[in-house]
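Asks: Sending over work07.cif (mmCIF, N, CA and C atoms).
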data_query
loop_
_atom_site.group_PDB
_atom_site.id
_atom_site.type_symbol
_atom_site.label_atom_id
_atom_site.label_comp_id
_atom_site.auth_asym_id
_atom_site.auth_seq_id
_atom_site.Cartn_x
_atom_site.Cartn_y
_atom_site.Cartn_z
ATOM 1 N N MET A 1 32.138 5.018 -6.197
ATOM 2 C CA MET A 1 31.842 3.928 -5.289
ATOM 3 C C MET A 1 32.018 4.417 -3.851
ATOM 4 N N THR A 2 31.062 4.104 -3.013
ATOM 5 C CA THR A 2 31.135 4.533 -1.623
ATOM 6 C C THR A 2 31.884 3.500 -0.794
ATOM 7 N N THR A 3 32.480 3.981 0.250
ATOM 8 C CA THR A 3 33.182 3.066 1.155
ATOM 9 C C THR A 3 32.241 2.664 2.274
ATOM 10 N N ALA A 4 32.272 1.424 2.645
ATOM 11 C CA ALA A 4 31.422 0.907 3.703
ATOM 12 C C ALA A 4 32.097 1.100 5.050
ATOM 13 N N LEU A 5 31.286 1.146 6.083
ATOM 14 C CA LEU A 5 31.817 1.267 7.430
ATOM 15 C C LEU A 5 32.557 0.006 7.847
ATOM 16 N N PHE A 6 32.113 -1.128 7.373
ATOM 17 C CA PHE A 6 32.788 -2.387 7.631
ATOM 18 C C PHE A 6 32.608 -3.266 6.397
ATOM 19 N N PRO A 7 33.407 -4.286 6.214
ATOM 20 C CA PRO A 7 33.439 -5.045 4.956
ATOM 21 C C PRO A 7 32.110 -5.675 4.541
ATOM 22 N N GLY A 8 31.307 -6.129 5.443
ATOM 23 C CA GLY A 8 30.063 -6.815 5.088
ATOM 24 C C GLY A 8 28.843 -5.911 5.074
ATOM 25 N N ALA A 9 29.019 -4.594 5.038
ATOM 26 C CA ALA A 9 27.886 -3.677 5.142
ATOM 27 C C ALA A 9 26.912 -3.828 3.977
ATOM 28 N N GLN A 10 27.411 -4.012 2.762
ATOM 29 C CA GLN A 10 26.522 -4.152 1.623
ATOM 30 C C GLN A 10 25.732 -5.457 1.696
ATOM 31 N N ILE A 11 26.375 -6.508 2.111
ATOM 32 C CA ILE A 11 25.677 -7.789 2.251
ATOM 33 C C ILE A 11 24.634 -7.703 3.357
ATOM 34 N N LEU A 12 24.987 -7.060 4.453
ATOM 35 C CA LEU A 12 24.045 -6.885 5.564
ATOM 36 C C LEU A 12 22.835 -6.064 5.120
ATOM 37 N N ALA A 13 23.068 -5.010 4.352
ATOM 38 C CA ALA A 13 21.967 -4.180 3.853
ATOM 39 C C ALA A 13 21.069 -4.986 2.919
ATOM 40 N N LEU A 14 21.652 -5.814 2.075
ATOM 41 C CA LEU A 14 20.880 -6.649 1.167
ATOM 42 C C LEU A 14 20.047 -7.670 1.932
ATOM 43 N N VAL A 15 20.640 -8.306 2.916
ATOM 44 C CA VAL A 15 19.918 -9.290 3.726
ATOM 45 C C VAL A 15 18.789 -8.611 4.507
ATOM 46 N N ALA A 16 19.058 -7.464 5.084
ATOM 47 C CA ALA A 16 18.025 -6.734 5.830
ATOM 48 C C ALA A 16 16.878 -6.337 4.907
ATOM 49 N N GLY A 17 17.210 -5.914 3.698
ATOM 50 C CA GLY A 17 16.175 -5.552 2.734
ATOM 51 C C GLY A 17 15.291 -6.737 2.388
ATOM 52 N N TRP A 18 15.905 -7.897 2.160
ATOM 53 C CA TRP A 18 15.120 -9.093 1.855
ATOM 54 C C TRP A 18 14.272 -9.540 3.037
ATOM 55 N N ILE A 19 14.788 -9.392 4.238
ATOM 56 C CA ILE A 19 13.994 -9.744 5.422
ATOM 57 C C ILE A 19 12.756 -8.861 5.508
ATOM 58 N N ILE A 20 12.912 -7.573 5.239
ATOM 59 C CA ILE A 20 11.775 -6.652 5.268
ATOM 60 C C ILE A 20 10.771 -6.997 4.176
ATOM 61 N N VAL A 21 11.255 -7.287 2.974
ATOM 62 C CA VAL A 21 10.359 -7.641 1.866
ATOM 63 C C VAL A 21 9.583 -8.913 2.190
ATOM 64 N N VAL A 22 10.243 -9.926 2.715
ATOM 65 C CA VAL A 22 9.575 -11.185 3.054
ATOM 66 C C VAL A 22 8.557 -10.958 4.174
ATOM 67 N N PHE A 23 8.906 -10.155 5.172
ATOM 68 C CA PHE A 23 7.992 -9.871 6.282
ATOM 69 C C PHE A 23 6.734 -9.169 5.780
ATOM 70 N N ILE A 24 6.893 -8.170 4.928
ATOM 71 C CA ILE A 24 5.732 -7.452 4.382
ATOM 72 C C ILE A 24 4.913 -8.385 3.499
ATOM 73 N N GLY A 25 5.585 -9.256 2.740
ATOM 74 C CA GLY A 25 4.869 -10.231 1.923
ATOM 75 C C GLY A 25 4.043 -11.184 2.765
ATOM 76 N N ILE A 26 4.607 -11.651 3.868
ATOM 77 C CA ILE A 26 3.868 -12.547 4.769
ATOM 78 C C ILE A 26 2.660 -11.830 5.363
ATOM 79 N N LEU A 27 2.845 -10.577 5.752
ATOM 80 C CA LEU A 27 1.702 -9.814 6.272
ATOM 81 C C LEU A 27 0.611 -9.671 5.216
ATOM 82 N N GLY A 28 1.008 -9.418 3.977
ATOM 83 C CA GLY A 28 0.031 -9.306 2.890
ATOM 84 C C GLY A 28 -0.730 -10.597 2.679
ATOM 85 N N VAL A 29 -0.023 -11.729 2.707
ATOM 86 C CA VAL A 29 -0.676 -13.035 2.553
ATOM 87 C C VAL A 29 -1.634 -13.286 3.707
ATOM 88 N N LEU A 30 -1.246 -12.925 4.927
ATOM 89 C CA LEU A 30 -2.133 -13.103 6.081
ATOM 90 C C LEU A 30 -3.402 -12.269 5.953
ATOM 91 N N VAL A 31 -3.254 -11.033 5.492
ATOM 92 C CA VAL A 31 -4.435 -10.180 5.310
ATOM 93 C C VAL A 31 -5.351 -10.770 4.249
ATOM 94 N N LEU A 32 -4.778 -11.202 3.107
ATOM 95 C CA LEU A 32 -5.596 -11.807 2.053
ATOM 96 C C LEU A 32 -6.281 -13.081 2.541
ATOM 97 N N TRP A 33 -5.578 -13.889 3.332
ATOM 98 C CA TRP A 33 -6.184 -15.111 3.872
ATOM 99 C C TRP A 33 -7.344 -14.774 4.806
ATOM 100 N N ASN A 34 -7.165 -13.757 5.639
ATOM 101 C CA ASN A 34 -8.243 -13.358 6.543
ATOM 102 C C ASN A 34 -9.426 -12.774 5.790
ATOM 103 N N ILE A 35 -9.189 -12.115 4.681
ATOM 104 C CA ILE A 35 -10.294 -11.646 3.848
ATOM 105 C C ILE A 35 -11.009 -12.847 3.231
ATOM 106 N N TYR A 36 -10.235 -13.807 2.740
ATOM 107 C CA TYR A 36 -10.811 -15.000 2.105
ATOM 108 C C TYR A 36 -11.654 -15.816 3.083
ATOM 109 N N THR A 37 -11.204 -15.932 4.325
ATOM 110 C CA THR A 37 -11.934 -16.717 5.320
ATOM 111 C C THR A 37 -12.965 -15.886 6.084
ATOM 112 N N ASN A 38 -13.224 -14.682 5.626
ATOM 113 C CA ASN A 38 -14.240 -13.767 6.196
ATOM 114 C C ASN A 38 -13.944 -13.331 7.623
ATOM 115 N N ARG A 39 -12.707 -13.365 8.044
ATOM 116 C CA ARG A 39 -12.350 -12.801 9.346
ATOM 117 C C ARG A 39 -12.243 -11.288 9.245
ATOM 118 N N ILE A 40 -11.928 -10.796 8.050
ATOM 119 C CA ILE A 40 -11.940 -9.359 7.778
ATOM 120 C C ILE A 40 -13.148 -9.096 6.896
ATOM 121 N N ASP A 41 -14.079 -8.302 7.389
ATOM 122 C CA ASP A 41 -15.339 -8.064 6.697
ATOM 123 C C ASP A 41 -15.203 -6.852 5.780
ATOM 124 N N LEU A 42 -15.445 -7.046 4.494
ATOM 125 C CA LEU A 42 -15.335 -5.957 3.522
ATOM 126 C C LEU A 42 -16.700 -5.437 3.068
ATOM 127 N N ARG A 43 -17.755 -5.818 3.763
ATOM 128 C CA ARG A 43 -19.083 -5.370 3.344
ATOM 129 C C ARG A 43 -19.233 -3.864 3.376
ATOM 130 N N PHE A 44 -18.585 -3.206 4.320
ATOM 131 C CA PHE A 44 -18.748 -1.765 4.461
ATOM 132 C C PHE A 44 -17.578 -0.991 3.868
ATOM 133 N N LEU A 45 -16.825 -1.632 2.968
ATOM 134 C CA LEU A 45 -15.702 -0.957 2.332
ATOM 135 C C LEU A 45 -16.173 0.214 1.480
ATOM 136 N N LEU A 46 -17.260 0.030 0.751
ATOM 137 C CA LEU A 46 -17.759 1.081 -0.138
ATOM 138 C C LEU A 46 -19.151 1.580 0.233
ATOM 139 N N CYS A 47 -19.662 1.188 1.390
ATOM 140 C CA CYS A 47 -20.978 1.676 1.779
ATOM 141 C C CYS A 47 -20.950 2.123 3.240
ATOM 142 N N GLU A 48 -21.935 2.924 3.567
ATOM 143 C CA GLU A 48 -22.062 3.449 4.929
ATOM 144 C C GLU A 48 -22.678 2.390 5.836
ATOM 145 N N GLN A 49 -22.815 2.703 7.093
ATOM 146 C CA GLN A 49 -23.376 1.756 8.066
ATOM 147 C C GLN A 49 -24.820 1.382 7.737
ATOM 148 N N ASP A 50 -25.541 2.293 7.092
ATOM 149 C CA ASP A 50 -26.938 1.999 6.746
ATOM 150 C C ASP A 50 -27.068 1.191 5.457
ATOM 151 N N GLY A 51 -25.957 0.857 4.796
ATOM 152 C CA GLY A 51 -25.979 0.022 3.605
ATOM 153 C C GLY A 51 -26.001 0.786 2.300
ATOM 154 N N LYS A 52 -26.094 2.123 2.353
ATOM 155 C CA LYS A 52 -26.112 2.920 1.126
ATOM 156 C C LYS A 52 -24.696 3.114 0.606
ATOM 157 N N ALA A 53 -24.566 3.128 -0.717
ATOM 158 C CA ALA A 53 -23.255 3.309 -1.342
ATOM 159 C C ALA A 53 -22.692 4.687 -0.997
ATOM 160 N N SER A 54 -21.373 4.757 -0.834
ATOM 161 C CA SER A 54 -20.709 5.995 -0.471
ATOM 162 C C SER A 54 -19.740 6.394 -1.587
ATOM 163 N N LEU A 55 -20.024 7.505 -2.251
ATOM 164 C CA LEU A 55 -19.163 7.986 -3.318
ATOM 165 C C LEU A 55 -17.806 8.414 -2.768
ATOM 166 N N SER A 56 -17.775 8.980 -1.573
ATOM 167 C CA SER A 56 -16.499 9.421 -1.006
ATOM 168 C C SER A 56 -15.594 8.230 -0.684
ATOM 169 N N ARG A 57 -16.152 7.145 -0.202
ATOM 170 C CA ARG A 57 -15.345 5.947 0.065
ATOM 171 C C ARG A 57 -14.805 5.357 -1.236
ATOM 172 N N PHE A 58 -15.659 5.333 -2.273
ATOM 173 C CA PHE A 58 -15.230 4.825 -3.567
ATOM 174 C C PHE A 58 -14.116 5.687 -4.148
ATOM 175 N N GLN A 59 -14.271 7.005 -4.056
ATOM 176 C CA GLN A 59 -13.259 7.935 -4.566
ATOM 177 C C GLN A 59 -11.938 7.746 -3.831
ATOM 178 N N PHE A 60 -11.980 7.629 -2.529
ATOM 179 C CA PHE A 60 -10.760 7.435 -1.741
ATOM 180 C C PHE A 60 -10.071 6.129 -2.119
ATOM 181 N N LEU A 61 -10.841 5.061 -2.302
ATOM 182 C CA LEU A 61 -10.287 3.775 -2.687
ATOM 183 C C LEU A 61 -9.640 3.846 -4.067
ATOM 184 N N VAL A 62 -10.324 4.446 -5.032
ATOM 185 C CA VAL A 62 -9.799 4.531 -6.392
ATOM 186 C C VAL A 62 -8.547 5.400 -6.429
ATOM 187 N N PHE A 63 -8.573 6.582 -5.817
ATOM 188 C CA PHE A 63 -7.392 7.451 -5.818
ATOM 189 C C PHE A 63 -6.198 6.752 -5.174
ATOM 190 N N THR A 64 -6.430 6.075 -4.077
ATOM 191 C CA THR A 64 -5.335 5.396 -3.389
ATOM 192 C C THR A 64 -4.719 4.323 -4.273
ATOM 193 N N PHE A 65 -5.555 3.498 -4.900
ATOM 194 C CA PHE A 65 -5.025 2.439 -5.765
ATOM 195 C C PHE A 65 -4.339 2.996 -7.006
ATOM 196 N N VAL A 66 -4.909 4.019 -7.626
ATOM 197 C CA VAL A 66 -4.289 4.593 -8.827
ATOM 198 C C VAL A 66 -2.921 5.171 -8.501
ATOM 199 N N ILE A 67 -2.833 5.909 -7.422
ATOM 200 C CA ILE A 67 -1.551 6.515 -7.048
ATOM 201 C C ILE A 67 -0.552 5.443 -6.625
ATOM 202 N N ALA A 68 -0.990 4.460 -5.854
ATOM 203 C CA ALA A 68 -0.086 3.390 -5.418
ATOM 204 C C ALA A 68 0.438 2.590 -6.608
ATOM 205 N N MET A 69 -0.435 2.249 -7.548
ATOM 206 C CA MET A 69 -0.002 1.481 -8.717
ATOM 207 C C MET A 69 0.920 2.321 -9.611
ATOM 208 N N SER A 70 0.639 3.606 -9.729
ATOM 209 C CA SER A 70 1.502 4.483 -10.534
ATOM 210 C C SER A 70 2.907 4.528 -9.956
ATOM 211 N N PHE A 71 3.013 4.710 -8.666
ATOM 212 C CA PHE A 71 4.331 4.764 -8.040
ATOM 213 C C PHE A 71 5.021 3.406 -8.049
ATOM 214 N N ALA A 72 4.253 2.321 -7.961
ATOM 215 C CA ALA A 72 4.858 0.994 -8.050
ATOM 216 C C ALA A 72 5.449 0.776 -9.444
ATOM 217 N N LEU A 73 4.715 1.174 -10.480
ATOM 218 C CA LEU A 73 5.231 1.019 -11.840
ATOM 219 C C LEU A 73 6.451 1.894 -12.085
ATOM 220 N N ILE A 74 6.414 3.136 -11.594
ATOM 221 C CA ILE A 74 7.569 4.030 -11.744
ATOM 222 C C ILE A 74 8.781 3.442 -11.040
ATOM 223 N N THR A 75 8.572 2.902 -9.846
ATOM 224 C CA THR A 75 9.671 2.307 -9.085
ATOM 225 C C THR A 75 10.244 1.089 -9.812
ATOM 226 N N LEU A 76 9.369 0.250 -10.365
ATOM 227 C CA LEU A 76 9.843 -0.937 -11.072
ATOM 228 C C LEU A 76 10.602 -0.569 -12.350
ATOM 229 N N ARG A 77 10.146 0.458 -13.057
ATOM 230 C CA ARG A 77 10.808 0.837 -14.315
ATOM 231 C C ARG A 77 12.130 1.559 -14.097
ATOM 232 N N THR A 78 12.184 2.429 -13.084
ATOM 233 C CA THR A 78 13.411 3.205 -12.873
ATOM 234 C C THR A 78 14.367 2.535 -11.905
ATOM 235 N N GLY A 79 13.868 1.674 -11.053
ATOM 236 C CA GLY A 79 14.719 1.013 -10.070
ATOM 237 C C GLY A 79 14.988 1.847 -8.835
ATOM 238 N N SER A 80 14.314 2.990 -8.718
ATOM 239 C CA SER A 80 14.474 3.825 -7.529
ATOM 240 C C SER A 80 13.116 4.401 -7.141
ATOM 241 N N ILE A 81 13.002 4.766 -5.884
ATOM 242 C CA ILE A 81 11.747 5.317 -5.387
ATOM 243 C C ILE A 81 11.673 6.795 -5.770
ATOM 244 N N PRO A 82 10.604 7.209 -6.484
ATOM 245 C CA PRO A 82 10.506 8.601 -6.915
ATOM 246 C C PRO A 82 10.060 9.517 -5.779
ATOM 247 N N ASP A 83 10.362 10.800 -5.943
ATOM 248 C CA ASP A 83 9.849 11.796 -4.998
ATOM 249 C C ASP A 83 8.356 11.988 -5.262
ATOM 250 N N ILE A 84 7.597 12.168 -4.203
ATOM 251 C CA ILE A 84 6.154 12.339 -4.347
ATOM 252 C C ILE A 84 5.856 13.834 -4.417
ATOM 253 N N PRO A 85 5.289 14.289 -5.549
ATOM 254 C CA PRO A 85 4.986 15.713 -5.690
ATOM 255 C C PRO A 85 3.913 16.175 -4.704
ATOM 256 N N GLN A 86 3.922 17.467 -4.418
ATOM 257 C CA GLN A 86 2.948 18.035 -3.476
ATOM 258 C C GLN A 86 1.514 17.877 -3.985
ATOM 259 N N GLY A 87 1.323 17.900 -5.308
ATOM 260 C CA GLY A 87 -0.012 17.748 -5.871
ATOM 261 C C GLY A 87 -0.630 16.397 -5.555
ATOM 262 N N VAL A 88 0.197 15.363 -5.526
ATOM 263 C CA VAL A 88 -0.301 14.023 -5.192
ATOM 264 C C VAL A 88 -0.755 13.980 -3.745
ATOM 265 N N TRP A 89 0.046 14.573 -2.865
ATOM 266 C CA TRP A 89 -0.357 14.639 -1.451
ATOM 267 C C TRP A 89 -1.652 15.427 -1.294
ATOM 268 N N ALA A 90 -1.784 16.507 -2.078
ATOM 269 C CA ALA A 90 -3.004 17.328 -2.007
ATOM 270 C C ALA A 90 -4.222 16.517 -2.458
ATOM 271 N N LEU A 91 -4.091 15.771 -3.566
ATOM 272 C CA LEU A 91 -5.206 14.948 -4.029
ATOM 273 C C LEU A 91 -5.602 13.895 -3.017
ATOM 274 N N LEU A 92 -4.608 13.239 -2.433
ATOM 275 C CA LEU A 92 -4.921 12.239 -1.408
ATOM 276 C C LEU A 92 -5.556 12.887 -0.175
ATOM 277 N N GLY A 93 -5.080 14.073 0.180
ATOM 278 C CA GLY A 93 -5.663 14.779 1.319
ATOM 279 C C GLY A 93 -7.090 15.190 1.082
ATOM 280 N N ILE A 94 -7.369 15.695 -0.115
ATOM 281 C CA ILE A 94 -8.748 16.081 -0.439
ATOM 282 C C ILE A 94 -9.650 14.849 -0.458
ATOM 283 N N SER A 95 -9.170 13.792 -1.072
ATOM 284 C CA SER A 95 -9.958 12.557 -1.140
ATOM 285 C C SER A 95 -10.196 12.000 0.270
ATOM 286 N N GLY A 96 -9.155 11.976 1.089
ATOM 287 C CA GLY A 96 -9.297 11.489 2.464
ATOM 288 C C GLY A 96 -10.178 12.391 3.305
ATOM 289 N N GLY A 97 -10.092 13.696 3.060
ATOM 290 C CA GLY A 97 -10.930 14.633 3.796
ATOM 291 C C GLY A 97 -12.402 14.479 3.471
ATOM 292 N N SER A 98 -12.711 14.173 2.210
ATOM 293 C CA SER A 98 -14.126 13.980 1.834
ATOM 294 C C SER A 98 -14.650 12.672 2.406
ATOM 295 N N TYR A 99 -13.743 11.724 2.642
ATOM 296 C CA TYR A 99 -14.158 10.444 3.224
ATOM 297 C C TYR A 99 -14.547 10.658 4.650
#
Can you turn what I pasted into structure tokens?
Replies:
Amino acid sequence: MTTALFPGAQILALVAGWIIVVFIGILGVLVLWNIYTNRIDLRFLLCEQDGKASLSRFQFLVFTFVIAMSFALITLRTGSIPDIPQGVWALLGISGGSY
């Protein structure tokens, strides 16, 4: 067991963590609401400016979601944030570079 710098340090850390989680959740809800009300335009998410489909944009989107969901599941199952291997960074870099 670690010793705290002051008696309420663990409670303060817990409260700060919840404040951050709630803040990020509110930001996520705001983004989803703006997408729903068409303030954020997703028409060009997977296509170029000329309207043609973009394989590189699709690849970047899929790789990002697969890796994010994998790490979210690992975090939920283990209860701790895993280290990100260099290969994952390389895949994201290659995918982002092709985009």
Asks: Hey, can you check how far atom C of Asp41 of chain A sits from atom N of Phe23 of chain A?
Replies: 24.3 Å
Asks: Which one of A:Leu55, A:Val22, A:Ile35, A:Ile81 sits closest to Ser98 of chain A if you count all atoms listed in the file?
Replies: A:Leu55
Asks: How big is the axis-aligned box around the listed atoms of segment 55-58 of chain A once 6 Å is added on each side, and where is its centre? Give both in Å to one decimal, as AutoDock Vina command-line options.
Replies:
--center_x -17.1 --center_y 7.1 --center_z -2.0 --size_x 17.9 --size_y 16.6 --size_z 16.2
Asks: Interatomic distance between atom CA of Ala90 of chain A and atom CA of Asp50 of chain A?
Replies: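 That distance, rounded to one decimal, is 29.7 Å.
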Asks: For a test of reading the model, state the distance in Å between atom CA of Ala13 of chain A and atom CA of Leu30 of chain A, rounded to one decimal.
Replies: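 Computed distance, atom CA of Ala13 of chain A to atom CA of Leu30 of chain A, equals 25.8 Å.
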Asks: For Thr64 of chain A, which residue among A:Ile11, A:Leu91, A:Ile26, A:Leu42 is the nearest when counting all atoms listed in the file?
Replies: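 Closest to Thr64 of chain A, using all atoms listed in the file: A:Leu91.
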Asks: Hey, what's within 12 Å of Cys47 of chain A if we count only C-alpha atoms and toss same-chain stuff fewer than 4 positions away? As a list in words, please?
Replies: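 The residues satisfying every condition are Leu42, Arg43, Gly51, Lys52, Ala53, Ser54, Leu55, Ser56, Arg57, Phe58, Gln59, Leu61 and Tyr99 of chain A.
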Asks: Based on the backbone DSSP call, show me all residues of chain A assigned alpha helix (DSSP H), as an MDAnalysis selection string.
Replies: chainID A and resid 9:36 55:78 86:98
Asks: Ranking A:Phe63, A:Ser70, A:Gly79, A:Ile20 by minimum distance to Leu92 of chain A and counting all atoms listed in the file, which one comes first?
Replies: A:Phe63
Asks: From the list A:Phe60, A:Ile24, A:Ala72, A:Val15, which residue is nearest Gly97 of chain A when using only N, CA and C atoms?
Replies: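 The closest residue to Gly97 of chain A is A:Phe60.
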